[in-house]
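Visitor: Following this line is input.txt, made up of compact mmCIF, C-alpha atoms and all ligand atoms:
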```txt
# COMPACT_ATOMS: atom_id res chain seq x y z
CA MET A 1 50.91 -4.93 -255.73
CA SER A 2 50.13 -8.06 -257.72
CA ASP A 3 52.45 -7.71 -260.72
CA SER A 4 54.34 -4.50 -260.08
CA ALA A 5 58.08 -4.50 -259.44
CA LEU A 6 58.96 -4.83 -255.77
CA SER A 7 61.44 -2.59 -253.97
CA PRO A 8 64.55 -4.28 -252.59
CA VAL A 9 64.49 -5.19 -248.89
CA PRO A 10 67.91 -5.78 -247.34
CA LEU A 11 68.27 -8.58 -244.78
CA LEU A 12 69.94 -6.05 -242.48
CA ASP A 13 70.59 -2.33 -242.83
CA PHE A 14 72.78 -1.05 -240.01
CA SER A 15 72.97 2.46 -241.47
CA ARG A 16 69.40 3.25 -240.33
CA GLU A 17 70.15 2.71 -236.65
CA TYR A 18 73.54 4.36 -237.01
CA GLN A 19 72.07 7.50 -238.57
CA ALA A 20 69.45 7.68 -235.80
CA HIS A 21 72.00 7.42 -232.95
CA ARG A 22 75.11 8.76 -234.67
CA GLU A 23 75.58 11.86 -232.48
CA GLU A 24 75.21 9.91 -229.24
CA LEU A 25 77.45 7.05 -230.38
CA LEU A 26 80.22 9.34 -231.59
CA ALA A 27 80.03 11.47 -228.42
CA ALA A 28 80.50 8.31 -226.31
CA LEU A 29 83.51 7.23 -228.39
CA ILE A 30 85.04 10.72 -228.19
CA GLU A 31 84.66 10.69 -224.41
CA VAL A 32 86.74 7.50 -224.18
CA ALA A 33 89.34 8.97 -226.56
CA ASP A 34 89.50 12.23 -224.58
CA THR A 35 90.05 10.39 -221.28
CA GLN A 36 92.55 7.96 -222.91
CA ARG A 37 91.13 5.19 -220.68
CA PHE A 38 91.09 2.45 -223.32
CA ILE A 39 91.48 -0.66 -221.13
CA LEU A 40 88.89 -1.60 -218.49
CA GLY A 41 88.32 2.01 -217.49
CA PRO A 42 85.12 3.77 -216.38
CA ALA A 43 83.38 3.05 -219.72
CA VAL A 44 83.59 -0.69 -219.02
CA GLN A 45 82.48 -0.38 -215.39
CA GLN A 46 79.55 1.77 -216.42
CA PHE A 47 78.42 -0.62 -219.14
CA GLU A 48 78.72 -3.67 -216.89
CA ALA A 49 76.67 -1.95 -214.18
CA SER A 50 73.91 -0.81 -216.54
CA ALA A 51 73.78 -4.16 -218.35
CA ALA A 52 73.45 -6.02 -215.03
CA ALA A 53 70.69 -3.64 -213.91
CA SER A 54 68.86 -4.01 -217.21
CA LEU A 55 69.07 -7.83 -217.09
CA GLU A 56 68.20 -7.95 -213.37
CA VAL A 57 71.25 -10.07 -212.64
CA GLU A 58 73.85 -9.50 -209.90
CA HIS A 59 77.02 -9.49 -212.00
CA ALA A 60 78.00 -8.72 -215.59
CA VAL A 61 81.56 -9.20 -216.81
CA GLY A 62 82.40 -7.77 -220.23
CA CYS A 63 84.74 -9.71 -222.50
CA ALA A 64 86.05 -9.81 -226.06
CA SER A 65 83.29 -11.79 -227.79
CA GLY A 66 80.31 -14.09 -227.29
CA THR A 67 82.54 -17.05 -228.05
CA ASP A 68 84.90 -16.01 -225.26
CA ALA A 69 81.93 -15.41 -222.95
CA LEU A 70 80.86 -19.05 -223.39
CA TRP A 71 84.39 -20.27 -222.67
CA LEU A 72 84.77 -17.88 -219.69
CA ALA A 73 81.43 -18.95 -218.22
CA LEU A 74 82.45 -22.63 -218.40
CA ALA A 75 85.95 -21.95 -217.08
CA ALA A 76 84.63 -19.73 -214.26
CA LEU A 77 82.30 -22.56 -213.19
CA GLU A 78 85.24 -24.97 -213.43
CA VAL A 79 83.53 -27.04 -216.08
CA GLY A 80 85.81 -28.63 -218.65
CA GLY A 81 88.94 -30.63 -218.30
CA GLU A 82 91.53 -28.39 -216.78
CA GLU A 83 95.02 -29.77 -216.91
CA GLY A 84 96.26 -30.51 -213.44
CA VAL A 85 92.77 -31.44 -212.31
CA ALA A 86 93.10 -35.02 -213.52
CA GLU A 87 90.63 -36.46 -211.05
CA ARG A 88 87.95 -34.43 -212.70
CA GLY A 89 88.80 -35.83 -216.12
CA GLN A 90 87.11 -34.43 -219.18
CA GLN A 91 83.68 -33.23 -218.21
CA ALA A 92 80.63 -33.56 -220.43
CA VAL A 93 78.38 -30.67 -221.42
CA VAL A 94 75.04 -31.37 -223.11
CA THR A 95 74.03 -28.95 -225.85
CA THR A 96 72.29 -28.65 -229.21
CA PRO A 97 73.70 -29.39 -232.67
CA PHE A 98 71.39 -26.71 -234.15
CA SER A 99 73.24 -23.54 -233.22
CA PHE A 100 76.19 -21.38 -234.17
CA PHE A 101 79.53 -23.21 -234.11
CA ALA A 102 80.79 -21.40 -230.98
CA THR A 103 78.23 -23.21 -228.81
CA VAL A 104 80.20 -26.43 -229.28
CA SER A 105 83.70 -25.06 -229.93
CA SER A 106 83.66 -23.20 -226.59
CA ILE A 107 83.07 -26.51 -224.77
CA LEU A 108 86.08 -28.01 -226.52
CA ARG A 109 88.14 -24.89 -225.77
CA ALA A 110 87.27 -25.26 -222.07
CA GLY A 111 88.58 -28.83 -222.22
CA GLY A 112 85.14 -30.45 -221.99
CA VAL A 113 83.32 -33.01 -224.11
CA PRO A 114 80.25 -31.81 -226.02
CA VAL A 115 77.38 -34.33 -225.74
CA LEU A 116 74.72 -33.44 -228.28
CA ALA A 117 70.96 -33.84 -228.03
CA ASP A 118 68.29 -33.07 -230.62
CA ILE A 119 66.00 -30.04 -230.74
CA ASP A 120 62.29 -29.56 -230.15
CA PRO A 121 60.97 -29.13 -233.71
CA LEU A 122 58.44 -26.48 -232.60
CA THR A 123 60.88 -24.01 -231.02
CA PHE A 124 64.18 -25.17 -232.61
CA ASN A 125 65.64 -25.12 -229.07
CA LEU A 126 67.43 -27.98 -227.29
CA SER A 127 64.82 -30.58 -226.28
CA ALA A 128 64.63 -31.32 -222.55
CA THR A 129 63.47 -34.88 -223.28
CA ALA A 130 66.41 -35.50 -225.60
CA THR A 131 68.72 -33.92 -223.01
CA ALA A 132 67.44 -36.30 -220.30
CA GLU A 133 68.11 -39.25 -222.65
CA ALA A 134 71.60 -37.97 -223.46
CA ILE A 135 72.38 -37.64 -219.74
CA GLU A 136 71.27 -41.26 -219.16
CA ARG A 137 73.29 -42.51 -222.15
CA HIS A 138 76.38 -40.66 -220.98
CA HIS A 139 75.98 -42.08 -217.48
CA THR A 140 75.59 -45.64 -218.76
CA ALA A 141 78.59 -45.34 -221.10
CA SER A 142 81.03 -43.56 -218.76
CA GLY A 143 79.70 -43.99 -215.23
CA ALA A 144 79.93 -40.19 -214.88
CA GLN A 145 77.32 -37.49 -214.56
CA VAL A 146 77.34 -34.64 -217.06
CA ALA A 147 78.84 -31.48 -215.58
CA ALA A 148 76.72 -28.92 -217.38
CA ILE A 149 73.78 -28.28 -219.67
CA MET A 150 74.11 -25.49 -222.23
CA PRO A 151 70.73 -24.50 -223.66
CA VAL A 152 70.84 -21.95 -226.48
CA HIS A 153 68.03 -19.37 -226.60
CA LEU A 154 67.93 -19.65 -230.37
CA TYR A 155 66.52 -16.82 -232.50
CA GLY A 156 65.69 -14.87 -229.31
CA GLN A 157 63.35 -17.33 -227.57
CA CYS A 158 64.36 -18.93 -224.28
CA ALA A 159 64.74 -22.70 -224.15
CA ASP A 160 62.52 -24.62 -221.69
CA MET A 161 64.28 -23.45 -218.54
CA ASP A 162 61.70 -25.10 -216.23
CA ALA A 163 62.71 -28.51 -217.52
CA PHE A 164 66.44 -27.75 -217.66
CA THR A 165 66.46 -26.44 -214.08
CA THR A 166 64.78 -29.67 -212.91
CA LEU A 167 67.24 -31.82 -214.88
CA ALA A 168 70.26 -29.88 -213.60
CA THR A 169 69.10 -30.25 -209.99
CA GLN A 170 68.44 -33.98 -210.45
CA HIS A 171 71.88 -34.63 -211.90
CA GLY A 172 74.02 -32.10 -210.03
CA ALA A 173 74.85 -30.25 -213.24
CA VAL A 174 75.25 -26.51 -213.74
CA ILE A 175 73.45 -24.54 -216.45
CA VAL A 176 75.30 -22.19 -218.82
CA GLU A 177 72.87 -20.26 -221.01
CA ASP A 178 74.00 -19.38 -224.52
CA ALA A 179 72.07 -16.11 -224.57
CA ALA A 180 73.99 -14.68 -227.54
CA GLN A 181 70.73 -14.11 -229.46
CA ALA A 182 68.51 -13.28 -226.53
CA PHE A 183 69.29 -9.95 -224.83
CA GLY A 184 66.02 -8.93 -223.15
CA ALA A 185 64.23 -12.25 -223.72
CA LYS A 186 62.31 -13.68 -220.77
CA TRP A 187 61.12 -17.02 -219.42
CA ASN A 188 58.19 -16.86 -216.98
CA GLY A 189 58.98 -13.13 -216.73
CA VAL A 190 62.63 -13.74 -215.76
CA GLN A 191 65.36 -12.46 -218.05
CA ALA A 192 67.67 -14.59 -220.13
CA GLY A 193 71.09 -14.35 -218.58
CA SER A 194 69.71 -14.74 -215.06
CA LEU A 195 68.07 -18.15 -215.47
CA GLY A 196 71.10 -20.43 -215.06
CA ASP A 197 74.38 -20.55 -213.12
CA ALA A 198 76.05 -18.34 -215.73
CA ALA A 199 75.22 -17.02 -219.19
CA ALA A 200 77.01 -15.73 -222.26
CA PHE A 201 75.97 -12.79 -224.43
CA SER A 202 77.39 -11.69 -227.78
CA PHE A 203 77.42 -8.11 -229.01
CA TYR A 204 78.56 -9.00 -232.54
CA PRO A 205 77.21 -6.25 -234.83
CA THR A 206 74.26 -8.34 -236.08
CA LYS A 207 72.99 -9.15 -232.57
CA ASN A 208 70.01 -7.30 -231.06
CA LEU A 209 72.39 -5.42 -228.76
CA ALA A 210 75.28 -4.62 -231.07
CA ALA A 211 78.78 -3.29 -230.56
CA MET A 212 80.75 -1.52 -233.29
CA GLY A 213 82.99 -4.56 -233.53
CA ASP A 214 83.44 -7.65 -231.36
CA ALA A 215 82.34 -7.80 -227.71
CA GLY A 216 80.64 -10.19 -225.29
CA MET A 217 79.62 -10.58 -221.66
CA VAL A 218 79.22 -13.18 -218.93
CA THR A 219 76.38 -12.78 -216.43
CA THR A 220 75.76 -14.61 -213.15
CA HIS A 221 74.06 -14.21 -209.78
CA ASP A 222 77.08 -15.78 -208.08
CA ALA A 223 79.84 -13.46 -206.81
CA ALA A 224 82.53 -16.15 -206.90
CA THR A 225 81.74 -17.06 -210.53
CA ALA A 226 81.84 -13.39 -211.53
CA GLU A 227 85.14 -12.92 -209.73
CA ARG A 228 86.64 -15.96 -211.51
CA ALA A 229 85.43 -14.75 -214.91
CA THR A 230 86.94 -11.31 -214.19
CA MET A 231 90.24 -12.90 -213.19
CA LEU A 232 90.33 -15.27 -216.19
CA ARG A 233 89.58 -12.56 -218.77
CA ALA A 234 92.77 -10.75 -217.67
CA HIS A 235 95.47 -13.44 -217.61
CA GLY A 236 94.34 -15.04 -214.36
CA MET A 237 95.55 -12.04 -212.38
CA ARG A 238 94.01 -10.86 -209.14
CA LYS A 239 97.06 -8.80 -208.31
CA ARG A 240 99.00 -7.21 -211.16
CA TYR A 241 101.67 -9.58 -212.57
CA PHE A 242 100.76 -12.35 -210.11
CA HIS A 243 99.04 -15.08 -212.13
CA ASP A 244 96.87 -17.42 -210.03
CA GLU A 245 95.66 -19.36 -213.06
CA VAL A 246 96.31 -19.55 -216.78
CA GLY A 247 93.63 -17.19 -218.02
CA TRP A 248 93.58 -15.30 -221.29
CA ASN A 249 93.36 -11.77 -222.64
CA SER A 250 89.66 -11.46 -223.28
CA ARG A 251 88.96 -7.94 -222.04
CA ILE A 252 86.05 -5.99 -223.51
CA ASP A 253 87.34 -2.97 -225.41
CA SER A 254 86.44 0.32 -223.68
CA LEU A 255 85.30 1.90 -226.95
CA GLN A 256 82.91 -1.02 -227.46
CA ALA A 257 81.61 -0.68 -223.90
CA ALA A 258 80.93 3.01 -224.50
CA ALA A 259 78.97 2.30 -227.70
CA LEU A 260 77.07 -0.50 -225.94
CA SER A 261 76.03 1.82 -223.09
CA VAL A 262 74.37 4.06 -225.68
CA ARG A 263 72.60 1.21 -227.48
CA LEU A 264 71.50 -0.42 -224.23
CA ARG A 265 69.06 2.49 -223.84
CA TYR A 266 67.26 1.45 -227.01
CA VAL A 267 67.32 -2.33 -226.82
CA GLU A 268 63.98 -2.72 -225.05
CA ALA A 269 62.15 -0.51 -227.55
CA GLY A 270 63.96 -2.37 -230.32
CA ASN A 271 62.80 -5.73 -228.99
CA ALA A 272 59.21 -4.44 -228.76
CA ARG A 273 59.39 -3.32 -232.40
CA ARG A 274 60.78 -6.73 -233.38
CA ARG A 275 57.74 -8.39 -231.79
CA GLU A 276 55.49 -5.96 -233.67
CA ILE A 277 57.19 -6.88 -236.97
CA ALA A 278 56.80 -10.60 -236.15
CA ALA A 279 53.07 -10.02 -235.63
CA LEU A 280 52.88 -8.15 -238.95
CA TYR A 281 54.56 -11.06 -240.76
CA ALA A 282 52.16 -13.56 -239.18
CA GLU A 283 49.16 -11.45 -240.14
CA ALA A 284 50.32 -10.94 -243.72
CA PHE A 285 51.26 -14.61 -244.30
CA THR A 286 47.89 -15.68 -242.90
CA ALA A 287 46.00 -13.15 -245.04
CA ALA A 288 47.88 -14.43 -248.12
CA GLY A 289 46.72 -17.98 -247.34
CA LEU A 290 50.30 -19.26 -247.17
CA VAL A 291 50.33 -20.65 -243.63
CA SER A 292 50.19 -24.30 -242.66
CA ASP A 293 51.14 -26.35 -239.63
CA SER A 294 53.14 -28.68 -241.86
CA VAL A 295 55.90 -27.65 -244.24
CA THR A 296 54.59 -30.17 -246.79
CA THR A 297 51.57 -27.92 -247.38
CA GLY A 298 52.76 -24.37 -246.66
CA ILE A 299 54.85 -22.01 -244.61
CA VAL A 300 55.22 -22.84 -240.92
CA LEU A 301 55.36 -19.66 -238.82
CA PRO A 302 57.60 -19.35 -235.73
CA TYR A 303 56.06 -20.84 -232.58
CA THR A 304 56.30 -18.93 -229.29
CA ASP A 305 56.00 -20.92 -226.07
CA PRO A 306 53.43 -19.23 -223.79
CA ARG A 307 56.08 -19.04 -221.02
CA ALA A 308 58.53 -17.21 -223.29
CA GLU A 309 58.83 -13.54 -224.17
CA HIS A 310 60.47 -13.77 -227.59
CA VAL A 311 62.75 -10.94 -228.78
CA PHE A 312 62.81 -12.12 -232.41
CA HIS A 313 66.51 -11.71 -232.89
CA GLN A 314 65.57 -13.66 -236.01
CA TYR A 315 62.20 -14.28 -237.67
CA VAL A 316 62.52 -17.83 -238.96
CA ILE A 317 59.93 -19.73 -240.99
CA ARG A 318 59.96 -23.28 -242.34
CA ALA A 319 59.46 -23.05 -246.09
CA PRO A 320 58.62 -25.65 -248.74
CA ARG A 321 61.34 -25.75 -251.48
CA ARG A 322 63.40 -23.47 -249.25
CA ASP A 323 66.46 -23.13 -251.49
CA ASP A 324 64.40 -22.27 -254.59
CA LEU A 325 62.41 -19.74 -252.56
CA ARG A 326 65.66 -18.18 -251.36
CA ALA A 327 66.96 -17.89 -254.93
CA HIS A 328 63.66 -16.31 -256.00
CA LEU A 329 63.88 -13.76 -253.17
CA ALA A 330 67.48 -13.00 -254.09
CA SER A 331 66.36 -12.28 -257.68
CA LEU A 332 63.90 -9.73 -256.22
CA GLN A 333 66.71 -8.27 -254.04
CA ILE A 334 64.91 -9.39 -250.91
CA GLY A 335 67.38 -10.58 -248.29
CA SER A 336 67.07 -13.88 -246.44
CA GLU A 337 69.50 -16.23 -244.69
CA VAL A 338 69.77 -19.79 -243.41
CA TYR A 339 70.73 -20.13 -239.74
CA TYR A 340 72.15 -22.81 -239.89
CA PRO A 341 72.56 -24.92 -243.04
CA LEU A 342 74.74 -27.69 -241.54
CA PRO A 343 74.09 -28.97 -238.00
CA LEU A 344 77.18 -29.05 -235.79
CA HIS A 345 77.38 -32.86 -235.58
CA LEU A 346 77.95 -32.92 -239.35
CA GLN A 347 80.70 -30.26 -239.39
CA GLU A 348 84.00 -31.58 -240.67
CA SER A 349 85.98 -30.13 -237.75
CA LEU A 350 83.74 -31.94 -235.25
CA ALA A 351 83.89 -35.38 -236.89
CA SER A 352 85.91 -36.67 -233.94
CA LEU A 353 82.82 -36.33 -231.73
CA GLY A 354 81.67 -39.48 -233.51
CA TYR A 355 78.20 -38.51 -234.64
CA LYS A 356 76.72 -39.30 -238.05
CA ARG A 357 73.87 -38.22 -240.32
CA GLY A 358 70.58 -39.46 -238.89
CA ASP A 359 71.61 -38.99 -235.24
CA PHE A 360 69.60 -35.78 -234.80
CA PRO A 361 66.76 -35.90 -237.35
CA HIS A 362 64.91 -32.79 -236.07
CA SER A 363 68.08 -30.69 -236.37
CA GLU A 364 68.86 -32.10 -239.82
CA LYS A 365 65.33 -31.38 -241.03
CA ALA A 366 65.41 -27.84 -239.61
CA ALA A 367 68.70 -27.18 -241.42
CA GLU A 368 66.93 -28.01 -244.70
CA GLU A 369 63.75 -26.03 -244.06
CA VAL A 370 64.48 -22.86 -242.08
CA LEU A 371 64.62 -19.43 -243.64
CA ALA A 372 65.29 -16.19 -241.75
CA LEU A 373 63.54 -13.09 -243.12
CA PRO A 374 64.51 -9.44 -242.62
CA ILE A 375 63.78 -8.24 -239.07
CA TYR A 376 65.29 -5.26 -237.27
CA PRO A 377 63.69 -2.37 -235.41
CA GLU A 378 64.12 0.06 -238.32
CA LEU A 379 62.44 -2.26 -240.85
CA ARG A 380 59.30 -0.53 -242.16
CA ASP A 381 55.79 -2.01 -242.32
CA ASP A 382 55.72 -1.63 -246.12
CA GLU A 383 58.95 -3.65 -246.34
CA VAL A 384 57.37 -6.49 -244.35
CA ALA A 385 54.49 -6.44 -246.85
CA THR A 386 57.00 -6.53 -249.73
CA VAL A 387 58.76 -9.59 -248.31
CA VAL A 388 55.46 -11.45 -247.92
CA GLU A 389 54.37 -10.43 -251.45
CA GLY A 390 57.69 -11.69 -252.83
CA ILE A 391 57.09 -15.03 -251.14
CA ARG A 392 53.45 -15.15 -252.30
CA ARG A 393 54.59 -14.76 -255.92
CA PHE A 394 56.95 -17.72 -255.55
CA TYR A 395 54.20 -20.08 -254.37
CA ALA A 396 51.48 -18.63 -256.68
C1 LIG A 401 76.81 -15.03 -232.17
C2 LIG A 401 76.72 -16.28 -231.40
C3 LIG A 401 77.80 -16.77 -230.63
C4 LIG A 401 79.18 -16.19 -230.70
O1 LIG A 401 79.29 -14.83 -230.47
P1 LIG A 401 80.54 -14.01 -231.09
O2 LIG A 401 80.39 -12.68 -230.41
O3 LIG A 401 80.35 -13.94 -232.56
O4 LIG A 401 81.79 -14.69 -230.70
C5 LIG A 401 77.59 -17.89 -229.86
N1 LIG A 401 76.41 -18.52 -229.84
C6 LIG A 401 75.36 -18.11 -230.58
C7 LIG A 401 74.08 -18.86 -230.49
C8 LIG A 401 75.48 -16.98 -231.39
O5 LIG A 401 74.43 -16.59 -232.13
```
The structure given in the file should be rewritten as structure tokens.

Guide:
Amino acid sequence: MSDSALSPVPLLDFSREYQAHREELLAALIEVADTQRFILGPAVQQFEASAAASLEVEHAVGCASGTDALWLALAALEVGGEEGVAERGQQAVVTTPFSFFATVSSILRAGGVPVLADIDPLTFNLSATATAEAIERHHTASGAQVAAIMPVHLYGQCADMDAFTTLATQHGAVIVEDAAQAFGAKWNGVQAGSLGDAAAFSFYPTKNLAAMGDAGMVTTHDAATAERATMLRAHGMRKRYFHDEVGWNSRIDSLQAAALSVRLRYVEAGNARRREIAALYAEAFTAAGLVSDSVTTGIVLPYTDPRAEHVFHQYVIRAPRRDDLRAHLASLQIGSEVYYPLPLHLQESLASLGYKRGDFPHSEKAAEEVLALPIYPELRDDEVATVVEGIRRFYA
């Protein structure tokens, strides 16, 4: 297809999945409407039970969003800086500056102090070495241990949970996984969401398990943590109108739970297809002679740690002249996106954390070089070829 016009390839096309599962999805929504059980009814219980079974984790607690799931997980583990618990002070949580904003804002919302550490440039995930250094620095500066580590399984690949488990044990910290992009991902064969003390999932419509609106979920092996999350998502009530703690209204909507139960049946096949598409991209980029192990000389393909089973929530390359490439692709109507263009330590709203440009060079470099290409189970092989051809023309 050397000089011919290329067909457009959208970054995402939800209508394909919707058309394929329309009958089932609508039937599930109608069932909730017919029963009029809109708040925490059987649809929610059923989704929580099947999600827990699918993730091989003891407890799953649905909530209003992934952002709320992060906050609920921290609050359920009593990490943060709860008022009235002055002796605990403001607790520190180590996490990555190269993530979606909610990773850090949820720590602030829980009353904690985000302590940032740089990423591993190969996987884009929080570096365990940098985390160990940040823990030491925090200890030297404040005399306190950090309360929690929050690794993000970015783009659908688990962070180095071997190293984080060791660090957490050494320092008496808990682990909260930000698994918002990683439903079905595994580390040493164990599922994301069951690797730490608690985990947060997002079912935002672009995620690999998607609601028809906002929804999220906390998972944990610990019964007491699950019970606290359940209590906190409904105004801190164990008994109706008796409020043991100041919780919040963060219930998962029953209609969303019903839609999620349908889509849960397809998520594993969807993840397998995502891996297949990732392999097709790698093959096509290699065949086109575009691949390098340094972004100064070519495209750097995503790296998968041998201990990880990647679900390719995103397929993210490093690209020379990234912004020009992106404009070129846009002119061909080929979708692409930058997750994320400004690391969290440089966000205006987080200036009070006291970081500056240069503090996390791997994150800053990634923000300038990463480009996410179309990937979703319904993407066709010929569309993958079109994306690669569009990129080949740019560098030709
Ligand atoms: C999507 C996402 C969130 C937030 O989830 P919402 O459901 O949009 O609130 C948090 N962390 C990461 C890494 C995400 O990708």

Visitor: Produce a table with one row for each residue of chain A that has an atom at most 10 Å from any atom of ligand LIG 401 (chain A), each row naming the nearest atom pair and its distance in Å at one decimal; use only C-alpha atoms and all ligand atoms; arrange rows by chain and rising residue number; format as JSON lines.

Guide:
```
{"residue": "A:Cys63", "atom": "CA", "partner": "A:LIG401", "partner_atom": "O2", "distance": 9.5}
{"residue": "A:Ala64", "atom": "CA", "partner": "A:LIG401", "partner_atom": "O2", "distance": 7.7}
{"residue": "A:Ser65", "atom": "CA", "partner": "A:LIG401", "partner_atom": "O2", "distance": 4.0}
{"residue": "A:Gly66", "atom": "CA", "partner": "A:LIG401", "partner_atom": "O1", "distance": 3.4}
{"residue": "A:Thr67", "atom": "CA", "partner": "A:LIG401", "partner_atom": "O4", "distance": 3.6}
{"residue": "A:Asp68", "atom": "CA", "partner": "A:LIG401", "partner_atom": "O4", "distance": 6.4}
{"residue": "A:Ala69", "atom": "CA", "partner": "A:LIG401", "partner_atom": "O4", "distance": 7.8}
{"residue": "A:Leu70", "atom": "CA", "partner": "A:LIG401", "partner_atom": "C5", "distance": 7.3}
{"residue": "A:Phe98", "atom": "CA", "partner": "A:LIG401", "partner_atom": "C7", "distance": 9.1}
{"residue": "A:Ser99", "atom": "CA", "partner": "A:LIG401", "partner_atom": "C7", "distance": 5.5}
{"residue": "A:Phe100", "atom": "CA", "partner": "A:LIG401", "partner_atom": "C6", "distance": 4.9}
{"residue": "A:Phe101", "atom": "CA", "partner": "A:LIG401", "partner_atom": "N1", "distance": 7.1}
{"residue": "A:Ala102", "atom": "CA", "partner": "A:LIG401", "partner_atom": "C5", "distance": 4.9}
{"residue": "A:Thr103", "atom": "CA", "partner": "A:LIG401", "partner_atom": "N1", "distance": 5.1}
{"residue": "A:Val104", "atom": "CA", "partner": "A:LIG401", "partner_atom": "N1", "distance": 8.8}
{"residue": "A:Ser105", "atom": "CA", "partner": "A:LIG401", "partner_atom": "C5", "distance": 9.4}
{"residue": "A:Ser106", "atom": "CA", "partner": "A:LIG401", "partner_atom": "C5", "distance": 8.7}
{"residue": "A:Pro151", "atom": "CA", "partner": "A:LIG401", "partner_atom": "C7", "distance": 9.5}
{"residue": "A:Val152", "atom": "CA", "partner": "A:LIG401", "partner_atom": "C7", "distance": 6.0}
{"residue": "A:His153", "atom": "CA", "partner": "A:LIG401", "partner_atom": "C7", "distance": 7.2}
{"residue": "A:Leu154", "atom": "CA", "partner": "A:LIG401", "partner_atom": "C7", "distance": 6.2}
{"residue": "A:Tyr155", "atom": "CA", "partner": "A:LIG401", "partner_atom": "O5", "distance": 7.9}
{"residue": "A:Gly156", "atom": "CA", "partner": "A:LIG401", "partner_atom": "O5", "distance": 9.3}
{"residue": "A:Glu177", "atom": "CA", "partner": "A:LIG401", "partner_atom": "C7", "distance": 9.7}
{"residue": "A:Asp178", "atom": "CA", "partner": "A:LIG401", "partner_atom": "N1", "distance": 5.9}
{"residue": "A:Ala179", "atom": "CA", "partner": "A:LIG401", "partner_atom": "C7", "distance": 6.8}
{"residue": "A:Ala180", "atom": "CA", "partner": "A:LIG401", "partner_atom": "C8", "distance": 4.7}
{"residue": "A:Gln181", "atom": "CA", "partner": "A:LIG401", "partner_atom": "O5", "distance": 5.2}
{"residue": "A:Ala182", "atom": "CA", "partner": "A:LIG401", "partner_atom": "O5", "distance": 8.8}
{"residue": "A:Ala200", "atom": "CA", "partner": "A:LIG401", "partner_atom": "C5", "distance": 7.9}
{"residue": "A:Phe201", "atom": "CA", "partner": "A:LIG401", "partner_atom": "O1", "distance": 7.2}
{"residue": "A:Ser202", "atom": "CA", "partner": "A:LIG401", "partner_atom": "O2", "distance": 4.1}
{"residue": "A:Phe203", "atom": "CA", "partner": "A:LIG401", "partner_atom": "O2", "distance": 5.6}
{"residue": "A:Tyr204", "atom": "CA", "partner": "A:LIG401", "partner_atom": "O2", "distance": 4.6}
{"residue": "A:Pro205", "atom": "CA", "partner": "A:LIG401", "partner_atom": "O2", "distance": 8.4}
{"residue": "A:Thr206", "atom": "CA", "partner": "A:LIG401", "partner_atom": "C1", "distance": 8.2}
{"residue": "A:Lys207", "atom": "CA", "partner": "A:LIG401", "partner_atom": "C1", "distance": 7.0}
{"residue": "A:Ala210", "atom": "CA", "partner": "A:LIG401", "partner_atom": "O2", "distance": 9.6}
{"residue": "A:Ala211", "atom": "CA", "partner": "A:LIG401", "partner_atom": "O2", "distance": 9.5}
{"residue": "A:Gly213", "atom": "CA", "partner": "A:LIG401", "partner_atom": "O2", "distance": 9.1}
{"residue": "A:Asp214", "atom": "CA", "partner": "A:LIG401", "partner_atom": "O2", "distance": 6.0}
{"residue": "A:Ala215", "atom": "CA", "partner": "A:LIG401", "partner_atom": "O2", "distance": 5.9}
{"residue": "A:Gly216", "atom": "CA", "partner": "A:LIG401", "partner_atom": "O2", "distance": 5.7}
{"residue": "A:Met217", "atom": "CA", "partner": "A:LIG401", "partner_atom": "O2", "distance": 9.0}
{"residue": "A:His313", "atom": "CA", "partner": "A:LIG401", "partner_atom": "O5", "distance": 9.3}
{"residue": "A:Tyr339", "atom": "CA", "partner": "A:LIG401", "partner_atom": "O5", "distance": 9.2}
```

Visitor: Tell me which of A:Gly62, A:Pro97, A:Gly41, A:Gly184 sits closest to Leu344 of chain A, counting only C-alpha atoms.

Guide: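 Nearest candidate to Leu344 of chain A out of A:Gly62, A:Pro97, A:Gly41, A:Gly184: A:Pro97.
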
Visitor: Taking into account only C-alpha atoms, which residue in the set A:Gln170, A:Ala198, A:Arg263, A:Asp253 is nearest to Ala226 of chain A?

Guide: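 The closest residue to Ala226 of chain A is A:Ala198.
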
Visitor: Please list as a PyMOL selection string every residue within 12 Å of segment 354-370 of chain A, counting all atoms listed in the file and excluding residues in the same chain fewer than 5 positions away.

Guide: chain A and resi 96-100+113-127+130-131+134+155+294-296+298-302+314-326+336-349

Visitor: List the spatial neighbours of Ala330 of chain A as number ranges by chain - criterion: any atom at most 12 Å away, only C-alpha atoms, same-chain residues fewer than 2 positions off excluded.

Guide: A: 6, 8-11, 323-328, 332-337, 373, 387, 390-391, 394

Visitor: What is the distance, in Å and to one decimal place, between atom CA of Leu72 of chain A and atom CA of Val176 of chain A?

Guide: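 So the two atoms, atom CA of Leu72 of chain A and atom CA of Val176 of chain A, lie 10.4 Å apart.
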
Visitor: At what distance in Å, to one decimal, does atom CA of Gln19 of chain A lie from atom CA of Tyr266 of chain A?

Guide: 13.9 Å

Visitor: So how far away is atom CA of Gln36 of chain A from atom CA of Glu48 of chain A, in Å?

Guide: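 Distance reported for this atom pair: 19.0 Å.
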
Visitor: Out of A:Ala288, A:Val57, A:Ala234, A:Leu255, which residue has the shortest atom-to-atom distance to Ile30 of chain A when counting all atoms listed in the file?

Guide: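 Closest residue, counting all atoms listed in the file: A:Leu255.
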
Visitor: Point out the residue among A:Glu24, A:Glu78, A:Asp3, A:Asp162 with the least atom-to-atom distance to Arg307 of chain A, counting only C-alpha atoms.

Guide: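 For Arg307 of chain A, the nearest of the given residues is A:Asp162.
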